[in-house]
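Reproduced below: input.txt, with compact mmCIF, C-alpha atoms and all ligand atoms.
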```
# COMPACT_ATOMS: atom_id res chain seq x y z
CA MET T 1001 -70.76 36.06 -0.55
CA ARG T 1002 -72.88 32.95 -1.15
CA LYS T 1003 -74.86 33.33 -4.32
CA LYS T 1004 -76.36 31.27 -7.10
CA ILE T 1005 -73.89 30.87 -9.94
CA VAL T 1006 -74.12 29.02 -13.24
CA ALA T 1007 -70.81 28.81 -15.08
CA GLY T 1008 -70.37 27.52 -18.62
CA ASN T 1009 -67.10 25.74 -19.34
CA TRP T 1010 -66.76 25.58 -23.10
CA LYS T 1011 -63.53 23.54 -22.86
CA MET T 1012 -61.68 23.19 -26.23
CA ASN T 1013 -64.71 23.82 -28.43
CA LYS T 1014 -65.92 26.37 -31.02
CA THR T 1015 -64.22 28.36 -33.75
CA MET T 1016 -64.14 32.16 -33.44
CA ASP T 1017 -67.32 32.58 -35.51
CA GLU T 1018 -69.12 29.89 -33.53
CA ALA T 1019 -67.95 31.46 -30.27
CA LYS T 1020 -69.27 34.86 -31.32
CA ALA T 1021 -72.64 33.37 -32.27
CA LEU T 1022 -72.95 31.50 -28.97
CA LEU T 1023 -71.93 34.59 -26.98
CA SER T 1024 -74.49 36.84 -28.57
CA GLU T 1025 -77.24 34.23 -28.25
CA VAL T 1026 -76.53 33.59 -24.58
CA VAL T 1027 -76.17 37.29 -23.74
CA ASN T 1028 -79.52 38.07 -25.42
CA MET T 1029 -81.40 35.10 -23.98
CA VAL T 1030 -80.16 35.79 -20.47
CA LYS T 1031 -81.10 39.46 -20.81
CA ASP T 1032 -84.60 38.63 -22.05
CA GLU T 1033 -85.42 35.63 -19.89
CA VAL T 1034 -83.53 35.79 -16.62
CA SER T 1035 -84.65 38.20 -13.94
CA GLY T 1036 -83.83 36.37 -10.71
CA ASP T 1037 -80.78 36.42 -8.53
CA VAL T 1038 -78.22 34.35 -10.43
CA THR T 1039 -74.73 35.14 -11.66
CA VAL T 1040 -73.68 33.67 -15.01
CA VAL T 1041 -70.02 33.01 -15.83
CA LEU T 1042 -68.96 32.27 -19.41
CA CYS T 1043 -65.60 30.50 -19.78
CA PRO T 1044 -64.59 30.37 -23.46
CA PRO T 1045 -61.16 29.17 -24.62
CA SER T 1046 -58.48 31.73 -23.71
CA ILE T 1047 -57.91 32.80 -27.30
CA TYR T 1048 -61.46 34.19 -27.38
CA LEU T 1049 -61.41 36.04 -24.04
CA THR T 1050 -60.63 39.49 -25.43
CA THR T 1051 -63.33 39.24 -28.08
CA SER T 1052 -65.78 37.73 -25.58
CA ARG T 1053 -65.32 40.73 -23.30
CA GLN T 1054 -66.85 42.92 -26.02
CA TYR T 1055 -69.99 40.79 -26.12
CA ILE T 1056 -70.61 40.77 -22.38
CA PRO T 1057 -72.10 43.95 -20.92
CA SER T 1058 -70.01 45.20 -18.00
CA GLY T 1059 -71.76 45.53 -14.66
CA GLY T 1060 -74.48 43.01 -15.52
CA ARG T 1061 -75.10 39.49 -14.28
CA ILE T 1062 -72.84 37.85 -16.86
CA MET T 1063 -69.16 37.52 -15.96
CA LEU T 1064 -66.20 36.49 -18.07
CA GLY T 1065 -64.22 33.46 -16.91
CA ALA T 1066 -61.05 31.67 -18.00
CA GLN T 1067 -60.56 27.90 -17.91
CA ASN T 1068 -57.07 27.92 -16.40
CA CYS T 1069 -54.05 30.05 -15.55
CA HIS T 1070 -50.44 29.43 -14.60
CA GLU T 1071 -49.29 29.35 -10.98
CA LYS T 1072 -46.45 31.81 -11.57
CA GLU T 1073 -47.03 35.53 -12.01
CA SER T 1074 -44.91 35.83 -15.17
CA GLY T 1075 -41.76 34.55 -16.82
CA ALA T 1076 -40.33 31.89 -19.12
CA TYR T 1077 -43.31 29.52 -19.32
CA THR T 1078 -43.90 29.16 -23.04
CA GLY T 1079 -47.52 28.79 -24.03
CA GLU T 1080 -48.93 29.68 -20.63
CA VAL T 1081 -51.23 32.48 -19.48
CA SER T 1082 -50.98 34.28 -16.12
CA ALA T 1083 -53.70 35.54 -13.83
CA SER T 1084 -52.58 39.15 -14.33
CA MET T 1085 -52.88 38.73 -18.12
CA LEU T 1086 -56.41 37.42 -17.64
CA LYS T 1087 -57.20 40.37 -15.42
CA SER T 1088 -55.81 42.78 -18.01
CA VAL T 1089 -58.31 41.60 -20.63
CA GLY T 1090 -61.29 41.86 -18.29
CA VAL T 1091 -61.59 38.32 -16.96
CA GLU T 1092 -63.37 38.05 -13.60
CA TYR T 1093 -63.44 34.32 -12.76
CA VAL T 1094 -60.88 31.52 -13.34
CA ILE T 1095 -61.57 27.79 -13.22
CA VAL T 1096 -58.76 26.16 -11.22
CA GLY T 1097 -58.06 22.43 -10.93
CA HIS T 1098 -60.60 21.05 -13.34
CA SER T 1099 -60.30 17.25 -13.33
CA GLU T 1100 -59.23 17.31 -16.98
CA ARG T 1101 -56.30 19.57 -16.01
CA ARG T 1102 -55.43 17.23 -13.15
CA GLN T 1103 -55.75 14.10 -15.30
CA TYR T 1104 -54.23 15.14 -18.64
CA PHE T 1105 -51.79 17.81 -17.50
CA GLY T 1106 -50.75 16.32 -14.17
CA GLU T 1107 -51.79 19.30 -12.07
CA THR T 1108 -51.16 18.63 -8.39
CA ASN T 1109 -52.88 19.96 -5.29
CA ALA T 1110 -49.75 21.98 -4.42
CA GLN T 1111 -49.61 23.53 -7.89
CA LEU T 1112 -53.31 24.37 -7.65
CA ALA T 1113 -52.71 26.13 -4.33
CA GLY T 1114 -50.33 28.42 -6.25
CA LYS T 1115 -52.90 29.04 -8.98
CA VAL T 1116 -55.55 29.91 -6.39
CA ASP T 1117 -53.10 32.39 -4.84
CA ARG T 1118 -52.30 34.11 -8.15
CA VAL T 1119 -55.99 34.35 -9.05
CA LEU T 1120 -56.88 35.89 -5.68
CA GLU T 1121 -53.88 38.25 -5.67
CA ASN T 1122 -55.16 39.66 -8.94
CA GLY T 1123 -58.61 40.26 -7.51
CA LEU T 1124 -60.24 37.49 -9.57
CA THR T 1125 -62.52 34.74 -8.30
CA PRO T 1126 -61.26 31.15 -8.52
CA ILE T 1127 -63.76 28.39 -9.22
CA PHE T 1128 -61.87 25.60 -7.49
CA CYS T 1129 -62.80 22.14 -8.77
CA CYS T 1130 -62.70 18.96 -6.72
CA GLY T 1131 -64.15 15.50 -7.16
CA GLU T 1132 -63.46 11.78 -7.03
CA SER T 1133 -62.99 9.05 -9.66
CA LEU T 1134 -65.46 6.20 -10.16
CA ASP T 1135 -63.03 3.76 -8.56
CA LEU T 1136 -62.84 5.88 -5.42
CA ARG T 1137 -66.61 6.36 -5.37
CA GLU T 1138 -67.13 2.59 -5.50
CA ASN T 1139 -64.21 1.31 -3.45
CA GLY T 1140 -62.68 4.08 -1.40
CA ASP T 1141 -63.00 6.99 0.97
CA TYR T 1142 -64.27 9.45 -1.62
CA VAL T 1143 -65.40 11.96 0.98
CA GLY T 1144 -61.95 11.95 2.57
CA PHE T 1145 -60.34 12.30 -0.88
CA VAL T 1146 -62.34 15.40 -1.76
CA LYS T 1147 -61.73 16.90 1.67
CA GLY T 1148 -58.01 16.34 1.08
CA GLN T 1149 -58.16 18.24 -2.21
CA LEU T 1150 -59.68 21.21 -0.37
CA THR T 1151 -57.22 20.99 2.52
CA ASP T 1152 -54.18 20.83 0.23
CA SER T 1153 -55.14 23.59 -2.20
CA LEU T 1154 -57.29 25.99 -0.17
CA PHE T 1155 -56.68 25.67 3.56
CA HIS T 1156 -53.51 27.79 3.53
CA LEU T 1157 -55.80 30.77 2.82
CA SER T 1158 -57.01 33.22 5.44
CA ALA T 1159 -60.75 33.20 6.12
CA GLU T 1160 -60.92 36.57 4.36
CA ALA T 1161 -59.28 35.16 1.22
CA LEU T 1162 -61.31 31.95 1.27
CA ALA T 1163 -64.49 34.01 1.23
CA ASN T 1164 -63.61 34.94 -2.38
CA VAL T 1165 -63.36 31.32 -3.54
CA VAL T 1166 -66.14 29.41 -5.31
CA VAL T 1167 -65.96 25.62 -5.01
CA ALA T 1168 -67.19 23.27 -7.75
CA TYR T 1169 -67.80 19.64 -6.84
CA GLU T 1170 -67.42 17.60 -10.01
CA PRO T 1171 -67.39 13.82 -9.63
CA ILE T 1172 -65.12 12.64 -12.46
CA TRP T 1173 -67.45 9.75 -13.26
CA ALA T 1174 -70.19 12.24 -14.09
CA ILE T 1175 -68.21 14.61 -16.33
CA GLY T 1176 -69.19 14.31 -19.97
CA THR T 1177 -70.57 10.82 -19.39
CA GLY T 1178 -74.28 11.55 -19.17
CA LEU T 1179 -74.14 9.93 -15.71
CA THR T 1180 -75.26 12.74 -13.42
CA ALA T 1181 -74.91 12.41 -9.68
CA SER T 1182 -78.34 12.11 -8.13
CA SER T 1183 -79.46 15.20 -6.28
CA ALA T 1184 -79.02 13.21 -3.05
CA GLN T 1185 -75.43 12.30 -3.97
CA ALA T 1186 -74.68 15.91 -4.84
CA GLN T 1187 -76.23 17.19 -1.63
CA GLU T 1188 -74.28 14.65 0.45
CA MET T 1189 -70.96 15.83 -0.93
CA HIS T 1190 -71.82 19.52 -0.89
CA PHE T 1191 -72.82 19.17 2.75
CA GLU T 1192 -69.52 17.36 3.52
CA ILE T 1193 -67.53 20.06 1.69
CA ARG T 1194 -69.31 22.85 3.58
CA GLN T 1195 -68.82 20.98 6.87
CA HIS T 1196 -65.11 20.53 6.13
CA ILE T 1197 -64.79 24.27 5.55
CA ALA T 1198 -66.77 24.93 8.74
CA ASP T 1199 -64.44 22.65 10.75
CA LYS T 1200 -61.47 24.76 9.69
CA TYR T 1201 -62.93 28.28 9.34
CA GLY T 1202 -66.17 28.23 11.30
CA ASP T 1203 -69.78 27.97 10.27
CA ALA T 1204 -70.28 31.59 9.23
CA VAL T 1205 -67.48 31.38 6.65
CA ALA T 1206 -68.72 28.01 5.36
CA GLN T 1207 -72.29 29.22 4.97
CA ASP T 1208 -71.04 32.10 2.84
CA ILE T 1209 -69.26 29.96 0.21
CA SER T 1210 -70.93 29.09 -3.08
CA ILE T 1211 -70.57 25.38 -3.93
CA LEU T 1212 -71.46 24.45 -7.52
CA TYR T 1213 -72.23 21.01 -8.90
CA GLY T 1214 -70.68 19.86 -12.18
CA GLY T 1215 -70.96 16.66 -14.19
CA SER T 1216 -73.56 16.12 -16.93
CA ALA T 1217 -75.80 18.81 -15.48
CA ASN T 1218 -78.27 19.99 -18.11
CA GLU T 1219 -81.60 21.69 -18.66
CA LYS T 1220 -83.45 18.52 -17.62
CA ASN T 1221 -81.80 17.77 -14.29
CA ALA T 1222 -80.68 21.24 -13.18
CA ALA T 1223 -83.82 22.21 -11.25
CA ASP T 1224 -83.63 19.03 -9.17
CA LEU T 1225 -79.90 19.45 -8.46
CA PHE T 1226 -80.23 23.16 -7.65
CA SER T 1227 -83.12 22.53 -5.26
CA GLN T 1228 -80.73 20.92 -2.78
CA PRO T 1229 -79.89 23.15 0.18
CA ASP T 1230 -76.10 23.06 -0.28
CA VAL T 1231 -76.06 23.19 -4.10
CA ASP T 1232 -75.59 26.84 -5.13
CA GLY T 1233 -75.58 26.38 -8.89
CA GLY T 1234 -73.57 24.53 -11.50
CA LEU T 1235 -70.44 24.27 -13.61
CA ILE T 1236 -71.79 23.21 -16.98
CA GLY T 1237 -69.75 21.63 -19.79
CA GLY T 1238 -71.64 20.06 -22.69
CA ALA T 1239 -74.91 21.89 -22.08
CA SER T 1240 -73.11 25.25 -22.10
CA LEU T 1241 -72.35 24.85 -25.81
CA LYS T 1242 -76.01 25.31 -26.74
CA SER T 1243 -77.60 28.66 -25.94
CA ARG T 1244 -81.11 27.28 -25.34
CA ALA T 1245 -79.96 24.50 -23.00
CA PHE T 1246 -77.55 26.75 -21.10
CA THR T 1247 -80.09 29.54 -20.61
CA ASP T 1248 -82.58 26.98 -19.31
CA VAL T 1249 -79.98 25.79 -16.79
CA VAL T 1250 -79.48 29.40 -15.71
CA LYS T 1251 -83.23 29.82 -15.30
CA ALA T 1252 -83.35 26.70 -13.12
CA ALA T 1253 -80.96 28.38 -10.68
CA GLN T 1254 -82.81 31.65 -10.17
P1 LIG Y 1301 -70.15 18.23 -18.44
O1 LIG Y 1301 -68.81 18.92 -17.94
O2 LIG Y 1301 -71.28 19.14 -18.04
O3 LIG Y 1301 -69.99 18.11 -19.94
O4 LIG Y 1301 -70.23 16.89 -17.77
C1 LIG Y 1301 -68.77 19.59 -16.72
C2 LIG Y 1301 -67.37 20.10 -16.47
O5 LIG Y 1301 -66.42 19.41 -16.84
O6 LIG Y 1301 -67.19 21.19 -15.92
```
Please lay out the structure from this file as structure tokens.
Ligand code: PGA
Amino acid sequence: MRKKIVAGNWKMNKTMDEAKALLSEVVNMVKDEVSGDVTVVLCPPSIYLTTSRQYIPSGGRIMLGAQNCHEKESGAYTGEVSASMLKSVGVEYVIVGHSERRQYFGETNAQLAGKVDRVLENGLTPIFCCGESLDLRENGDYVGFVKGQLTDSLFHLSAEALANVVVAYEPIWAIGTGLTASSAQAQEMHFEIRQHIADKYGDAVAQDISILYGGSANEKNAADLFSQPDVDGGLIGGASLKSRAFTDVVKAAQ
């Protein structure tokens, strides 16, 4: 179901004590200050997921998310974590195909299709990331590129399964750079993504999907980005590491 979502991707940051402090601050601030209709997803490093679960009240607006999982269900894949393991410790959302995973770990669209499948089979919600490089934005068919990412990793799904996917549009040139897409640029791509889904699955399915924006979104620009008709919230990196900034982003979405 389409809903407003703000997800915090902590990436490879925070020690255990710092993670605990940030969790309790965010949980308390969200409880005290957020009353509107917005779902919050916290995605700490996997080593902190079990502990994080204890800080997040079950059945509330805050969900626990992982930053990645493996595309196989189990087996001899040293160092990896499966979707069923994530489920077993109370994870609810999984980021799939973040551009840093694609860039530094060579994750391919086909591999990401497998990850999406494992996440869905385990009853978890994938946050599927897509987005173009600066070179493509300036010199290429960036809309076609992003559509291709969706086609290759999501369009094998049934309409019923796709309804459980959250999409995050994250232009690579905006991630961690301080260069946010303008709200018009975000809206253009979110509209194209929704249209692409509509072309394959029909308008009703497309209108029901949450599409988040990511890339240097923060407490200052979030309200403008989230005011766009096809922007349903954000995937927040840097600004999710500070409780005040992150809570203000959440408030901008409600
Ligand atoms: P950023 O990261 O907000 O630090 O740009 C966003 C992301 O990578 O999800």
Would you name the residues within 8 Å of ligand LIG 1301 (chain Y), counting only C-alpha atoms and all ligand atoms, and put them as an mmCIF file with C-alpha atoms, in the frame of the given file?
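Just written: pocket32.cif:
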```cif
data_model
loop_
_atom_site.group_PDB
_atom_site.id
_atom_site.type_symbol
_atom_site.label_atom_id
_atom_site.label_comp_id
_atom_site.auth_asym_id
_atom_site.auth_seq_id
_atom_site.Cartn_x
_atom_site.Cartn_y
_atom_site.Cartn_z
ATOM 1 C CA GLY T 1008 -70.370 27.520 -18.620
ATOM 2 C CA ASN T 1009 -67.100 25.740 -19.340
ATOM 3 C CA LYS T 1011 -63.530 23.540 -22.860
ATOM 4 C CA HIS T 1098 -60.600 21.050 -13.340
ATOM 5 C CA SER T 1099 -60.300 17.250 -13.330
ATOM 6 C CA GLU T 1100 -59.230 17.310 -16.980
ATOM 7 C CA GLU T 1170 -67.420 17.600 -10.010
ATOM 8 C CA ALA T 1174 -70.190 12.240 -14.090
ATOM 9 C CA ILE T 1175 -68.210 14.610 -16.330
ATOM 10 C CA GLY T 1176 -69.190 14.310 -19.970
ATOM 11 C CA THR T 1177 -70.570 10.820 -19.390
ATOM 12 C CA GLY T 1178 -74.280 11.550 -19.170
ATOM 13 C CA THR T 1180 -75.260 12.740 -13.420
ATOM 14 C CA GLY T 1214 -70.680 19.860 -12.180
ATOM 15 C CA GLY T 1215 -70.960 16.660 -14.190
ATOM 16 C CA SER T 1216 -73.560 16.120 -16.930
ATOM 17 C CA ALA T 1217 -75.800 18.810 -15.480
ATOM 18 C CA ASN T 1218 -78.270 19.990 -18.110
ATOM 19 C CA LEU T 1235 -70.440 24.270 -13.610
ATOM 20 C CA ILE T 1236 -71.790 23.210 -16.980
ATOM 21 C CA GLY T 1237 -69.750 21.630 -19.790
ATOM 22 C CA GLY T 1238 -71.640 20.060 -22.690
ATOM 23 C CA ALA T 1239 -74.910 21.890 -22.080
ATOM 24 C CA SER T 1240 -73.110 25.250 -22.100
#
```
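For the choices T:Asp1032, T:Glu1018, T:Glu1160, T:Asp1232, the atom-to-atom distance to Pro1044 of chain T is smallest for T:Glu1018 when using only C-alpha atoms.
Distance-wise, atom CA of Met1012 of chain T and atom CA of Cys1043 of chain T end up 10.5 Å apart.
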Exercise. Which residues come within 10 Å of Gly1233 of chain T, counting all atoms listed in the file, excluding same-chain residues fewer than 2 positions away, as a PyMOL selection string?
Worked result: chain T and resi 1003-1007+1038-1040+1168+1210-1214+1222-1223+1225-1228+1230-1231+1235-1236+1249-1250+1252-1254
Exercise. Rounded to one decimal in Å, what is the spacing between atom CA of Gly1097 of chain T and atom CA of Cys1129 of chain T?
Worked result: 5.2 Å
For this session: Considering all atoms listed in the file, state which residue in the set T:Leu1124, T:Val1143, T:Leu1023, T:Val1165 is at the smallest distance from Glu1188 of chain T.
Result: T:Val1143
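In terms of minimum interatomic distance to Val1089 of chain T, T:Leu1049 ranks closest within T:Leu1049, T:Val1034, T:Val1027, T:Ala1076, counting all atoms listed in the file.
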